[in-house]
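Shown next: final.cif, given as mmCIF, N, CA and C atoms.
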data_structure
#
loop_
_atom_site.group_PDB
_atom_site.id
_atom_site.type_symbol
_atom_site.label_atom_id
_atom_site.label_comp_id
_atom_site.auth_asym_id
_atom_site.auth_seq_id
_atom_site.Cartn_x
_atom_site.Cartn_y
_atom_site.Cartn_z
ATOM 1 N N MET A 111 95.416 74.417 101.289
ATOM 2 C CA MET A 111 95.330 75.706 100.637
ATOM 3 C C MET A 111 96.004 75.617 99.283
ATOM 4 N N VAL A 112 95.567 76.503 98.384
ATOM 5 C CA VAL A 112 96.138 76.568 97.050
ATOM 6 C C VAL A 112 96.457 78.024 96.718
ATOM 7 N N ALA A 113 97.387 78.189 95.783
ATOM 8 C CA ALA A 113 97.773 79.524 95.340
ATOM 9 C C ALA A 113 97.598 79.624 93.832
ATOM 10 N N ARG A 114 97.172 80.806 93.400
ATOM 11 C CA ARG A 114 97.099 81.127 91.978
ATOM 12 C C ARG A 114 98.248 82.100 91.707
ATOM 13 N N VAL A 115 99.062 81.789 90.700
ATOM 14 C CA VAL A 115 100.212 82.616 90.360
ATOM 15 C C VAL A 115 100.074 83.063 88.906
ATOM 16 N N THR A 116 100.182 84.384 88.700
ATOM 17 C CA THR A 116 100.098 84.950 87.353
ATOM 18 C C THR A 116 101.187 85.999 87.193
ATOM 19 N N ARG A 117 101.826 85.999 86.035
ATOM 20 C CA ARG A 117 102.863 86.996 85.737
ATOM 21 C C ARG A 117 102.330 87.959 84.681
ATOM 22 N N TYR A 118 102.627 89.249 84.890
ATOM 23 C CA TYR A 118 102.138 90.298 83.998
ATOM 24 C C TYR A 118 103.297 91.101 83.418
ATOM 25 N N GLY A 119 103.195 91.436 82.145
ATOM 26 C CA GLY A 119 104.082 92.391 81.487
ATOM 27 C C GLY A 119 103.255 93.642 81.223
ATOM 28 N N ILE A 120 103.529 94.720 81.937
ATOM 29 C CA ILE A 120 102.701 95.925 81.903
ATOM 30 C C ILE A 120 103.097 96.802 80.720
ATOM 31 N N ARG A 121 102.086 97.314 80.007
ATOM 32 C CA ARG A 121 102.323 98.176 78.843
ATOM 33 C C ARG A 121 103.031 99.466 79.271
ATOM 34 N N PRO A 122 103.876 100.001 78.402
ATOM 35 C CA PRO A 122 104.496 101.302 78.702
ATOM 36 C C PRO A 122 103.411 102.353 78.946
ATOM 37 N N GLY A 123 103.597 103.166 79.971
ATOM 38 C CA GLY A 123 102.652 104.225 80.285
ATOM 39 C C GLY A 123 101.397 103.768 81.020
ATOM 40 N N LYS A 124 101.306 102.505 81.376
ATOM 41 C CA LYS A 124 100.099 101.969 82.009
ATOM 42 C C LYS A 124 100.310 101.577 83.488
ATOM 43 N N MET A 125 101.467 101.912 84.052
ATOM 44 C CA MET A 125 101.758 101.482 85.416
ATOM 45 C C MET A 125 100.770 102.072 86.420
ATOM 46 N N GLN A 126 100.419 103.345 86.313
ATOM 47 C CA GLN A 126 99.469 103.946 87.255
ATOM 48 C C GLN A 126 98.095 103.290 87.136
ATOM 49 N N GLU A 127 97.649 103.062 85.901
ATOM 50 C CA GLU A 127 96.359 102.404 85.695
ATOM 51 C C GLU A 127 96.399 100.973 86.232
ATOM 52 N N PHE A 128 97.521 100.276 86.014
ATOM 53 C CA PHE A 128 97.691 98.924 86.533
ATOM 54 C C PHE A 128 97.575 98.934 88.053
ATOM 55 N N SER A 129 98.271 99.861 88.707
ATOM 56 C CA SER A 129 98.244 99.950 90.176
ATOM 57 C C SER A 129 96.843 100.239 90.692
ATOM 58 N N ALA A 130 96.126 101.162 90.046
ATOM 59 C CA ALA A 130 94.760 101.487 90.467
ATOM 60 C C ALA A 130 93.839 100.283 90.268
ATOM 61 N N THR A 131 94.049 99.557 89.206
ATOM 62 C CA THR A 131 93.219 98.384 88.929
ATOM 63 C C THR A 131 93.500 97.270 89.934
ATOM 64 N N VAL A 132 94.750 97.145 90.362
ATOM 65 C CA VAL A 132 95.087 96.170 91.397
ATOM 66 C C VAL A 132 94.313 96.489 92.676
ATOM 67 N N GLU A 133 94.151 97.778 92.993
ATOM 68 C CA GLU A 133 93.369 98.170 94.175
ATOM 69 C C GLU A 133 91.926 97.662 94.054
ATOM 70 N N SER A 134 91.336 97.790 92.873
ATOM 71 C CA SER A 134 89.978 97.278 92.641
ATOM 72 C C SER A 134 89.937 95.759 92.780
ATOM 73 N N LEU A 135 90.961 95.111 92.258
ATOM 74 C CA LEU A 135 91.038 93.659 92.347
ATOM 75 C C LEU A 135 91.126 93.221 93.814
ATOM 76 N N MET A 136 91.924 93.932 94.604
ATOM 77 C CA MET A 136 92.055 93.579 96.021
ATOM 78 C C MET A 136 90.735 93.770 96.756
ATOM 79 N N ALA A 137 89.987 94.817 96.411
ATOM 80 C CA ALA A 137 88.670 95.019 97.022
ATOM 81 C C ALA A 137 87.736 93.875 96.658
ATOM 82 N N ALA A 138 87.826 93.401 95.432
ATOM 83 C CA ALA A 138 86.992 92.276 94.990
ATOM 84 C C ALA A 138 87.354 91.000 95.742
ATOM 85 N N LEU A 139 88.643 90.806 95.984
ATOM 86 C CA LEU A 139 89.076 89.594 96.677
ATOM 87 C C LEU A 139 88.487 89.501 98.074
ATOM 88 N N ASP A 140 88.379 90.623 98.763
ATOM 89 C CA ASP A 140 87.832 90.621 100.120
ATOM 90 C C ASP A 140 86.399 90.104 100.173
ATOM 91 N N ARG A 141 85.689 90.172 99.065
ATOM 92 C CA ARG A 141 84.294 89.734 99.003
ATOM 93 C C ARG A 141 84.155 88.238 98.751
ATOM 94 N N LEU A 142 85.237 87.571 98.415
ATOM 95 C CA LEU A 142 85.157 86.193 97.946
ATOM 96 C C LEU A 142 85.429 85.184 99.055
ATOM 97 N N GLU A 143 84.570 84.184 99.117
ATOM 98 C CA GLU A 143 84.699 83.128 100.118
ATOM 99 C C GLU A 143 85.973 82.322 99.873
ATOM 100 N N GLY A 144 86.687 82.053 100.937
ATOM 101 C CA GLY A 144 87.884 81.223 100.848
ATOM 102 C C GLY A 144 89.154 81.978 100.545
ATOM 103 N N PHE A 145 89.066 83.278 100.234
ATOM 104 C CA PHE A 145 90.266 84.067 99.953
ATOM 105 C C PHE A 145 91.062 84.263 101.240
ATOM 106 N N ARG A 146 92.390 84.128 101.172
ATOM 107 C CA ARG A 146 93.237 84.269 102.359
ATOM 108 C C ARG A 146 94.245 85.413 102.256
ATOM 109 N N VAL A 147 94.994 85.501 101.166
ATOM 110 C CA VAL A 147 96.033 86.533 101.078
ATOM 111 C C VAL A 147 96.361 86.819 99.611
ATOM 112 N N PHE A 148 96.793 88.050 99.346
ATOM 113 C CA PHE A 148 97.192 88.462 97.999
ATOM 114 C C PHE A 148 98.544 89.162 98.097
ATOM 115 N N LEU A 149 99.439 88.809 97.205
ATOM 116 C CA LEU A 149 100.745 89.456 97.105
ATOM 117 C C LEU A 149 100.946 89.913 95.670
ATOM 118 N N LEU A 150 101.478 91.112 95.495
ATOM 119 C CA LEU A 150 101.881 91.579 94.173
ATOM 120 C C LEU A 150 103.366 91.894 94.261
ATOM 121 N N LEU A 151 104.144 91.167 93.493
ATOM 122 C CA LEU A 151 105.596 91.301 93.521
ATOM 123 C C LEU A 151 106.073 92.029 92.278
ATOM 124 N N GLY A 152 107.004 92.964 92.460
ATOM 125 C CA GLY A 152 107.620 93.637 91.314
ATOM 126 C C GLY A 152 108.597 92.697 90.643
ATOM 127 N N GLY A 153 108.810 92.941 89.368
ATOM 128 C CA GLY A 153 109.719 92.088 88.605
ATOM 129 C C GLY A 153 111.160 92.498 88.761
ATOM 130 N N GLU A 154 112.023 91.686 88.223
ATOM 131 C CA GLU A 154 113.452 91.947 88.277
ATOM 132 C C GLU A 154 113.928 92.744 87.073
ATOM 133 N N ASP A 155 113.022 93.090 86.164
ATOM 134 C CA ASP A 155 113.408 93.813 84.962
ATOM 135 C C ASP A 155 113.801 95.251 85.306
ATOM 136 N N SER A 156 114.662 95.831 84.511
ATOM 137 C CA SER A 156 115.172 97.175 84.791
ATOM 138 C C SER A 156 114.134 98.267 84.539
ATOM 139 N N ASN A 157 113.123 98.012 83.711
ATOM 140 C CA ASN A 157 112.133 99.048 83.408
ATOM 141 C C ASN A 157 110.942 99.025 84.365
ATOM 142 N N GLY A 158 110.891 98.070 85.296
ATOM 143 C CA GLY A 158 109.840 98.030 86.304
ATOM 144 C C GLY A 158 108.458 97.726 85.765
ATOM 145 N N ARG A 159 108.387 97.042 84.622
ATOM 146 C CA ARG A 159 107.084 96.778 84.011
ATOM 147 C C ARG A 159 106.677 95.313 84.095
ATOM 148 N N GLN A 160 107.291 94.564 84.986
ATOM 149 C CA GLN A 160 106.920 93.170 85.194
ATOM 150 C C GLN A 160 106.359 93.029 86.608
ATOM 151 N N ALA A 161 105.376 92.167 86.778
ATOM 152 C CA ALA A 161 104.799 91.918 88.096
ATOM 153 C C ALA A 161 104.322 90.473 88.169
ATOM 154 N N THR A 162 104.323 89.935 89.380
ATOM 155 C CA THR A 162 103.798 88.599 89.643
ATOM 156 C C THR A 162 102.767 88.716 90.747
ATOM 157 N N ALA A 163 101.583 88.194 90.492
ATOM 158 C CA ALA A 163 100.507 88.203 91.488
ATOM 159 C C ALA A 163 100.339 86.796 92.046
ATOM 160 N N ILE A 164 100.206 86.717 93.370
ATOM 161 C CA ILE A 164 99.973 85.444 94.048
ATOM 162 C C ILE A 164 98.773 85.622 94.967
ATOM 163 N N SER A 165 97.750 84.815 94.764
ATOM 164 C CA SER A 165 96.616 84.813 95.684
ATOM 165 C C SER A 165 96.508 83.430 96.306
ATOM 166 N N VAL A 166 96.214 83.392 97.602
ATOM 167 C CA VAL A 166 96.119 82.133 98.333
ATOM 168 C C VAL A 166 94.670 81.934 98.745
ATOM 169 N N TRP A 167 94.201 80.698 98.557
ATOM 170 C CA TRP A 167 92.801 80.340 98.797
ATOM 171 C C TRP A 167 92.715 79.138 99.722
ATOM 172 N N GLU A 168 91.630 79.056 100.448
ATOM 173 C CA GLU A 168 91.406 77.949 101.383
ATOM 174 C C GLU A 168 91.346 76.609 100.650
ATOM 175 N N SER A 169 90.783 76.592 99.434
ATOM 176 C CA SER A 169 90.680 75.345 98.673
ATOM 177 C C SER A 169 90.660 75.654 97.178
ATOM 178 N N ALA A 170 90.890 74.630 96.385
ATOM 179 C CA ALA A 170 90.825 74.778 94.927
ATOM 180 C C ALA A 170 89.415 75.154 94.496
ATOM 181 N N GLU A 171 88.420 74.643 95.194
ATOM 182 C CA GLU A 171 87.029 74.970 94.866
ATOM 183 C C GLU A 171 86.756 76.457 95.071
ATOM 184 N N HIS A 172 87.256 77.016 96.184
ATOM 185 C CA HIS A 172 87.086 78.450 96.427
ATOM 186 C C HIS A 172 87.780 79.270 95.337
ATOM 187 N N MET A 173 88.987 78.849 94.982
ATOM 188 C CA MET A 173 89.731 79.575 93.958
ATOM 189 C C MET A 173 88.984 79.539 92.632
ATOM 190 N N LYS A 174 88.508 78.380 92.243
ATOM 191 C CA LYS A 174 87.786 78.253 90.966
ATOM 192 C C LYS A 174 86.473 79.026 90.984
ATOM 193 N N SER A 175 85.777 79.032 92.108
ATOM 194 C CA SER A 175 84.501 79.757 92.163
ATOM 195 C C SER A 175 84.710 81.267 92.079
ATOM 196 N N SER A 176 85.900 81.752 92.433
ATOM 197 C CA SER A 176 86.175 83.186 92.319
ATOM 198 C C SER A 176 86.082 83.653 90.868
ATOM 199 N N GLU A 177 86.359 82.771 89.952
ATOM 200 C CA GLU A 177 86.334 83.110 88.532
ATOM 201 C C GLU A 177 84.919 83.396 88.038
ATOM 202 N N ASN A 178 83.908 83.034 88.814
ATOM 203 C CA ASN A 178 82.518 83.278 88.440
ATOM 204 C C ASN A 178 81.950 84.559 89.040
ATOM 205 N N ASP A 179 82.728 85.245 89.887
ATOM 206 C CA ASP A 179 82.268 86.486 90.499
ATOM 207 C C ASP A 179 82.417 87.630 89.491
ATOM 208 N N LYS A 180 81.322 88.308 89.174
ATOM 209 C CA LYS A 180 81.333 89.341 88.124
ATOM 210 C C LYS A 180 82.246 90.507 88.465
ATOM 211 N N PHE A 181 82.232 90.969 89.717
ATOM 212 C CA PHE A 181 83.070 92.095 90.111
ATOM 213 C C PHE A 181 84.550 91.733 90.011
ATOM 214 N N TYR A 182 84.912 90.554 90.520
ATOM 215 C CA TYR A 182 86.290 90.075 90.450
ATOM 216 C C TYR A 182 86.718 89.900 88.992
ATOM 217 N N TYR A 183 85.860 89.269 88.198
ATOM 218 C CA TYR A 183 86.189 89.037 86.783
ATOM 219 C C TYR A 183 86.380 90.361 86.049
ATOM 220 N N GLY A 184 85.528 91.350 86.341
ATOM 221 C CA GLY A 184 85.651 92.663 85.705
ATOM 222 C C GLY A 184 86.959 93.343 86.060
ATOM 223 N N ALA A 185 87.354 93.260 87.325
ATOM 224 C CA ALA A 185 88.619 93.857 87.758
ATOM 225 C C ALA A 185 89.795 93.137 87.101
ATOM 226 N N LEU A 186 89.721 91.818 87.013
ATOM 227 C CA LEU A 186 90.780 91.044 86.375
ATOM 228 C C LEU A 186 90.885 91.366 84.887
ATOM 229 N N LYS A 187 89.756 91.525 84.230
ATOM 230 C CA LYS A 187 89.733 91.875 82.804
ATOM 231 C C LYS A 187 90.367 93.255 82.590
ATOM 232 N N ALA A 188 90.048 94.229 83.456
ATOM 233 C CA ALA A 188 90.640 95.565 83.365
ATOM 234 C C ALA A 188 92.144 95.500 83.599
ATOM 235 N N LEU A 189 92.565 94.665 84.539
ATOM 236 C CA LEU A 189 93.989 94.510 84.835
ATOM 237 C C LEU A 189 94.732 93.993 83.607
ATOM 238 N N MET A 190 94.174 92.998 82.960
ATOM 239 C CA MET A 190 94.813 92.430 81.776
ATOM 240 C C MET A 190 94.848 93.429 80.620
ATOM 241 N N GLY A 191 93.897 94.377 80.615
ATOM 242 C CA GLY A 191 93.904 95.424 79.599
ATOM 243 C C GLY A 191 95.088 96.363 79.711
ATOM 244 N N CYS A 192 95.726 96.396 80.866
ATOM 245 C CA CYS A 192 96.915 97.231 81.088
ATOM 246 C C CYS A 192 98.198 96.509 80.681
ATOM 247 N N CYS A 193 98.075 95.274 80.236
ATOM 248 C CA CYS A 193 99.247 94.436 80.020
ATOM 249 C C CYS A 193 99.470 94.121 78.548
ATOM 250 N N GLU A 194 100.744 94.025 78.198
ATOM 251 C CA GLU A 194 101.090 93.575 76.859
ATOM 252 C C GLU A 194 101.258 92.067 76.842
ATOM 253 N N SER A 195 101.447 91.482 78.020
ATOM 254 C CA SER A 195 101.544 90.026 78.125
ATOM 255 C C SER A 195 101.164 89.609 79.540
ATOM 256 N N PHE A 196 100.706 88.376 79.654
ATOM 257 C CA PHE A 196 100.465 87.779 80.962
ATOM 258 C C PHE A 196 100.505 86.270 80.795
ATOM 259 N N SER A 197 100.985 85.617 81.828
ATOM 260 C CA SER A 197 101.068 84.163 81.776
ATOM 261 C C SER A 197 99.703 83.572 82.105
ATOM 262 N N PRO A 198 99.464 82.361 81.669
ATOM 263 C CA PRO A 198 98.250 81.698 82.148
ATOM 264 C C PRO A 198 98.321 81.602 83.670
ATOM 265 N N MET A 199 97.174 81.582 84.306
ATOM 266 C CA MET A 199 97.133 81.449 85.759
ATOM 267 C C MET A 199 97.501 80.015 86.119
ATOM 268 N N HIS A 200 98.472 79.876 86.990
ATOM 269 C CA HIS A 200 98.918 78.556 87.426
ATOM 270 C C HIS A 200 98.446 78.305 88.849
ATOM 271 N N GLN A 201 98.035 77.096 89.114
ATOM 272 C CA GLN A 201 97.611 76.698 90.451
ATOM 273 C C GLN A 201 98.719 75.880 91.095
ATOM 274 N N HIS A 202 99.019 76.215 92.358
ATOM 275 C CA HIS A 202 100.034 75.497 93.127
ATOM 276 C C HIS A 202 99.470 75.146 94.493
ATOM 277 N N GLU A 203 99.847 73.997 95.004
ATOM 278 C CA GLU A 203 99.486 73.646 96.370
ATOM 279 C C GLU A 203 100.368 74.442 97.327
ATOM 280 N N VAL A 204 99.781 75.001 98.363
ATOM 281 C CA VAL A 204 100.549 75.689 99.396
ATOM 282 C C VAL A 204 101.014 74.627 100.381
ATOM 283 N N VAL A 205 102.299 74.404 100.418
ATOM 284 C CA VAL A 205 102.857 73.366 101.282
ATOM 285 C C VAL A 205 103.049 73.910 102.692
ATOM 286 N N LYS A 206 103.552 75.119 102.820
ATOM 287 C CA LYS A 206 103.764 75.772 104.119
ATOM 288 C C LYS A 206 103.450 77.254 103.957
ATOM 289 N N ILE A 207 102.928 77.849 105.025
ATOM 290 C CA ILE A 207 102.678 79.288 105.030
ATOM 291 C C ILE A 207 102.922 79.793 106.447
ATOM 292 N N LYS A 208 103.548 80.952 106.581
ATOM 293 C CA LYS A 208 103.845 81.522 107.893
ATOM 294 C C LYS A 208 103.712 83.029 107.804
ATOM 295 N N PHE A 209 102.970 83.589 108.722
ATOM 296 C CA PHE A 209 102.854 85.026 108.863
ATOM 297 C C PHE A 209 103.460 85.410 110.206
ATOM 298 N N ALA A 210 103.887 86.635 110.342
ATOM 299 C CA ALA A 210 104.412 87.114 111.610
ATOM 300 C C ALA A 210 103.323 87.055 112.667
ATOM 301 N N ASN A 211 103.684 86.716 113.878
ATOM 302 C CA ASN A 211 102.743 86.738 114.995
ATOM 303 C C ASN A 211 102.503 88.175 115.390
ATOM 304 N N ALA A 212 101.242 88.563 115.502
ATOM 305 C CA ALA A 212 100.875 89.941 115.790
ATOM 306 C C ALA A 212 101.428 90.423 117.131
ATOM 307 N N GLY A 213 101.522 89.549 118.116
ATOM 308 C CA GLY A 213 101.943 89.964 119.449
ATOM 309 C C GLY A 213 103.446 89.899 119.683
ATOM 310 N N VAL A 214 104.218 89.469 118.703
ATOM 311 C CA VAL A 214 105.658 89.304 118.883
ATOM 312 C C VAL A 214 106.376 90.508 118.300
ATOM 313 N N LYS A 215 107.239 91.142 119.099
ATOM 314 C CA LYS A 215 108.022 92.281 118.608
ATOM 315 C C LYS A 215 109.126 91.795 117.688
ATOM 316 N N GLN A 216 109.346 92.524 116.614
ATOM 317 C CA GLN A 216 110.418 92.216 115.690
ATOM 318 C C GLN A 216 111.727 92.791 116.247
ATOM 319 N N ALA A 217 112.823 92.061 116.095
ATOM 320 C CA ALA A 217 114.124 92.555 116.536
ATOM 321 C C ALA A 217 114.555 93.692 115.623
ATOM 322 N N SER A 218 115.082 94.775 116.191
ATOM 323 C CA SER A 218 115.575 95.882 115.364
ATOM 324 C C SER A 218 117.001 95.599 114.939
ATOM 325 N N SER A 219 117.336 96.113 113.775
ATOM 326 C CA SER A 219 118.690 95.838 113.255
ATOM 327 C C SER A 219 119.613 96.978 113.482
#
Mind converting the file's structure to structure tokens?
Amino acid sequence: MVARVTRYGIRPGKMQEFSATVESLMAALDRLEGFRVFLLLGGEDSNGRQATAISVWESAEHMKSSENDKFYYGALKALMGCCESFSPMHQHEVVKIKFANAGVKQASS
């Protein structure tokens, strides 16, 4: 599996539009072959205008072919329109991945 990691600097006043556009992007991801999981992480900045997106794919080929999907590309283009900066998309190999087991109860604290 591989992961695509991108960092975004969101324009002032564009957080709601950014969030709505992320919803469109997530809908697009569900349509793409090889897509496994998407995470959007908030930044550590005090103004709350930084975000990091991580998408995990079954293979590098699946990840690269996603870039040719018109709906996905359109959502990604709209997302970048909400940003004053964004890093190039970086590809990383997923060395380990673990999700909670659906049937296992979590210990309460």
Take the PyMOL selection byres (((chain A and resi 184-201 and name CA) around 6) and name CA), apply it to the structure above, and return the hits as a list in words.
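Output from the PyMOL selection byres (((chain A and resi 184-201 and name CA) around 6) and name CA), applied to this file: Ala113, Arg114, Val115, Thr116, Arg117, Tyr118, Gly119, Ile120, Arg121, Lys124, Phe128, Thr131, Leu135, Lys180, Phe181, Tyr182, Tyr183 and His202 of chain A.
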Practice item. Calculate how many Å separate atom C of Gly144 in chain A from CA of Glu168 in chain A, rounding to one decimal. Key: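 Separation of atom C of Gly144 in chain A and CA of Glu168 in chain A: 4.7 Å.
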Taking the backbone alone, and naming residues the way the document does, which bits of chain A are helix (DSSP H, G or I) by DSSP, as a VMD selection string?
chain A and resid 125 to 140 170 to 176 180 to 191
- Item | Non-local contacts of Met111 in chain A (5 Å; all atoms listed in the file; under 6 positions in same chain excluded) as a PyMOL selection string | chain A and resi 167-169+203-204
One residue among A:Ala130, A:Glu143, A:Met125, A:Met136 is nearest to Ser176 in chain A when using all atoms listed in the file, and that residue is A:Glu143
### Query
Leaving out Thr162 in chain A and any residue of its chain fewer than 2 positions from it, which residues lie within 6 Å of it when counting only N, CA and C atoms, given as an NGL selection string?
:A and (116-118 or 149-153 or 160 or 164)
Taken to one decimal, the atom C of Ser129 in chain A-CA of Phe145 in chain A distance is 19.8 Å
Residues flagged strand (DSSP E or B) by DSSP in range 111-216 of chain A, as a ChimeraX atom specification: /A:112-120,145-152,160-167,193-196,200-203
Let's have the selection written as an mmCIF file, in the coordinates of the input, with N, CA and C atoms.
data_model
loop_
_atom_site.group_PDB
_atom_site.id
_atom_site.type_symbol
_atom_site.label_atom_id
_atom_site.label_comp_id
_atom_site.auth_asym_id
_atom_site.auth_seq_id
_atom_site.Cartn_x
_atom_site.Cartn_y
_atom_site.Cartn_z
ATOM 1 N N VAL A 112 95.567 76.503 98.384
ATOM 2 C CA VAL A 112 96.138 76.568 97.050
ATOM 3 C C VAL A 112 96.457 78.024 96.718
ATOM 4 N N ALA A 113 97.387 78.189 95.783
ATOM 5 C CA ALA A 113 97.773 79.524 95.340
ATOM 6 C C ALA A 113 97.598 79.624 93.832
ATOM 7 N N ARG A 114 97.172 80.806 93.400
ATOM 8 C CA ARG A 114 97.099 81.127 91.978
ATOM 9 C C ARG A 114 98.248 82.100 91.707
ATOM 10 N N VAL A 115 99.062 81.789 90.700
ATOM 11 C CA VAL A 115 100.212 82.616 90.360
ATOM 12 C C VAL A 115 100.074 83.063 88.906
ATOM 13 N N THR A 116 100.182 84.384 88.700
ATOM 14 C CA THR A 116 100.098 84.950 87.353
ATOM 15 C C THR A 116 101.187 85.999 87.193
ATOM 16 N N ARG A 117 101.826 85.999 86.035
ATOM 17 C CA ARG A 117 102.863 86.996 85.737
ATOM 18 C C ARG A 117 102.330 87.959 84.681
ATOM 19 N N TYR A 118 102.627 89.249 84.890
ATOM 20 C CA TYR A 118 102.138 90.298 83.998
ATOM 21 C C TYR A 118 103.297 91.101 83.418
ATOM 22 N N GLY A 119 103.195 91.436 82.145
ATOM 23 C CA GLY A 119 104.082 92.391 81.487
ATOM 24 C C GLY A 119 103.255 93.642 81.223
ATOM 25 N N ILE A 120 103.529 94.720 81.937
ATOM 26 C CA ILE A 120 102.701 95.925 81.903
ATOM 27 C C ILE A 120 103.097 96.802 80.720
ATOM 28 N N PHE A 145 89.066 83.278 100.234
ATOM 29 C CA PHE A 145 90.266 84.067 99.953
ATOM 30 C C PHE A 145 91.062 84.263 101.240
ATOM 31 N N ARG A 146 92.390 84.128 101.172
ATOM 32 C CA ARG A 146 93.237 84.269 102.359
ATOM 33 C C ARG A 146 94.245 85.413 102.256
ATOM 34 N N VAL A 147 94.994 85.501 101.166
ATOM 35 C CA VAL A 147 96.033 86.533 101.078
ATOM 36 C C VAL A 147 96.361 86.819 99.611
ATOM 37 N N PHE A 148 96.793 88.050 99.346
ATOM 38 C CA PHE A 148 97.192 88.462 97.999
ATOM 39 C C PHE A 148 98.544 89.162 98.097
ATOM 40 N N LEU A 149 99.439 88.809 97.205
ATOM 41 C CA LEU A 149 100.745 89.456 97.105
ATOM 42 C C LEU A 149 100.946 89.913 95.670
ATOM 43 N N LEU A 150 101.478 91.112 95.495
ATOM 44 C CA LEU A 150 101.881 91.579 94.173
ATOM 45 C C LEU A 150 103.366 91.894 94.261
ATOM 46 N N LEU A 151 104.144 91.167 93.493
ATOM 47 C CA LEU A 151 105.596 91.301 93.521
ATOM 48 C C LEU A 151 106.073 92.029 92.278
ATOM 49 N N GLY A 152 107.004 92.964 92.460
ATOM 50 C CA GLY A 152 107.620 93.637 91.314
ATOM 51 C C GLY A 152 108.597 92.697 90.643
ATOM 52 N N GLN A 160 107.291 94.564 84.986
ATOM 53 C CA GLN A 160 106.920 93.170 85.194
ATOM 54 C C GLN A 160 106.359 93.029 86.608
ATOM 55 N N ALA A 161 105.376 92.167 86.778
ATOM 56 C CA ALA A 161 104.799 91.918 88.096
ATOM 57 C C ALA A 161 104.322 90.473 88.169
ATOM 58 N N THR A 162 104.323 89.935 89.380
ATOM 59 C CA THR A 162 103.798 88.599 89.643
ATOM 60 C C THR A 162 102.767 88.716 90.747
ATOM 61 N N ALA A 163 101.583 88.194 90.492
ATOM 62 C CA ALA A 163 100.507 88.203 91.488
ATOM 63 C C ALA A 163 100.339 86.796 92.046
ATOM 64 N N ILE A 164 100.206 86.717 93.370
ATOM 65 C CA ILE A 164 99.973 85.444 94.048
ATOM 66 C C ILE A 164 98.773 85.622 94.967
ATOM 67 N N SER A 165 97.750 84.815 94.764
ATOM 68 C CA SER A 165 96.616 84.813 95.684
ATOM 69 C C SER A 165 96.508 83.430 96.306
ATOM 70 N N VAL A 166 96.214 83.392 97.602
ATOM 71 C CA VAL A 166 96.119 82.133 98.333
ATOM 72 C C VAL A 166 94.670 81.934 98.745
ATOM 73 N N TRP A 167 94.201 80.698 98.557
ATOM 74 C CA TRP A 167 92.801 80.340 98.797
ATOM 75 C C TRP A 167 92.715 79.138 99.722
ATOM 76 N N CYS A 193 98.075 95.274 80.236
ATOM 77 C CA CYS A 193 99.247 94.436 80.020
ATOM 78 C C CYS A 193 99.470 94.121 78.548
ATOM 79 N N GLU A 194 100.744 94.025 78.198
ATOM 80 C CA GLU A 194 101.090 93.575 76.859
ATOM 81 C C GLU A 194 101.258 92.067 76.842
ATOM 82 N N SER A 195 101.447 91.482 78.020
ATOM 83 C CA SER A 195 101.544 90.026 78.125
ATOM 84 C C SER A 195 101.164 89.609 79.540
ATOM 85 N N PHE A 196 100.706 88.376 79.654
ATOM 86 C CA PHE A 196 100.465 87.779 80.962
ATOM 87 C C PHE A 196 100.505 86.270 80.795
ATOM 88 N N HIS A 200 98.472 79.876 86.990
ATOM 89 C CA HIS A 200 98.918 78.556 87.426
ATOM 90 C C HIS A 200 98.446 78.305 88.849
ATOM 91 N N GLN A 201 98.035 77.096 89.114
ATOM 92 C CA GLN A 201 97.611 76.698 90.451
ATOM 93 C C GLN A 201 98.719 75.880 91.095
ATOM 94 N N HIS A 202 99.019 76.215 92.358
ATOM 95 C CA HIS A 202 100.034 75.497 93.127
ATOM 96 C C HIS A 202 99.470 75.146 94.493
ATOM 97 N N GLU A 203 99.847 73.997 95.004
ATOM 98 C CA GLU A 203 99.486 73.646 96.370
ATOM 99 C C GLU A 203 100.368 74.442 97.327
#
Pairwise distance, atom C of Val147 in chain A with atom N of Glu127 in chain A, equals 21.3 Å
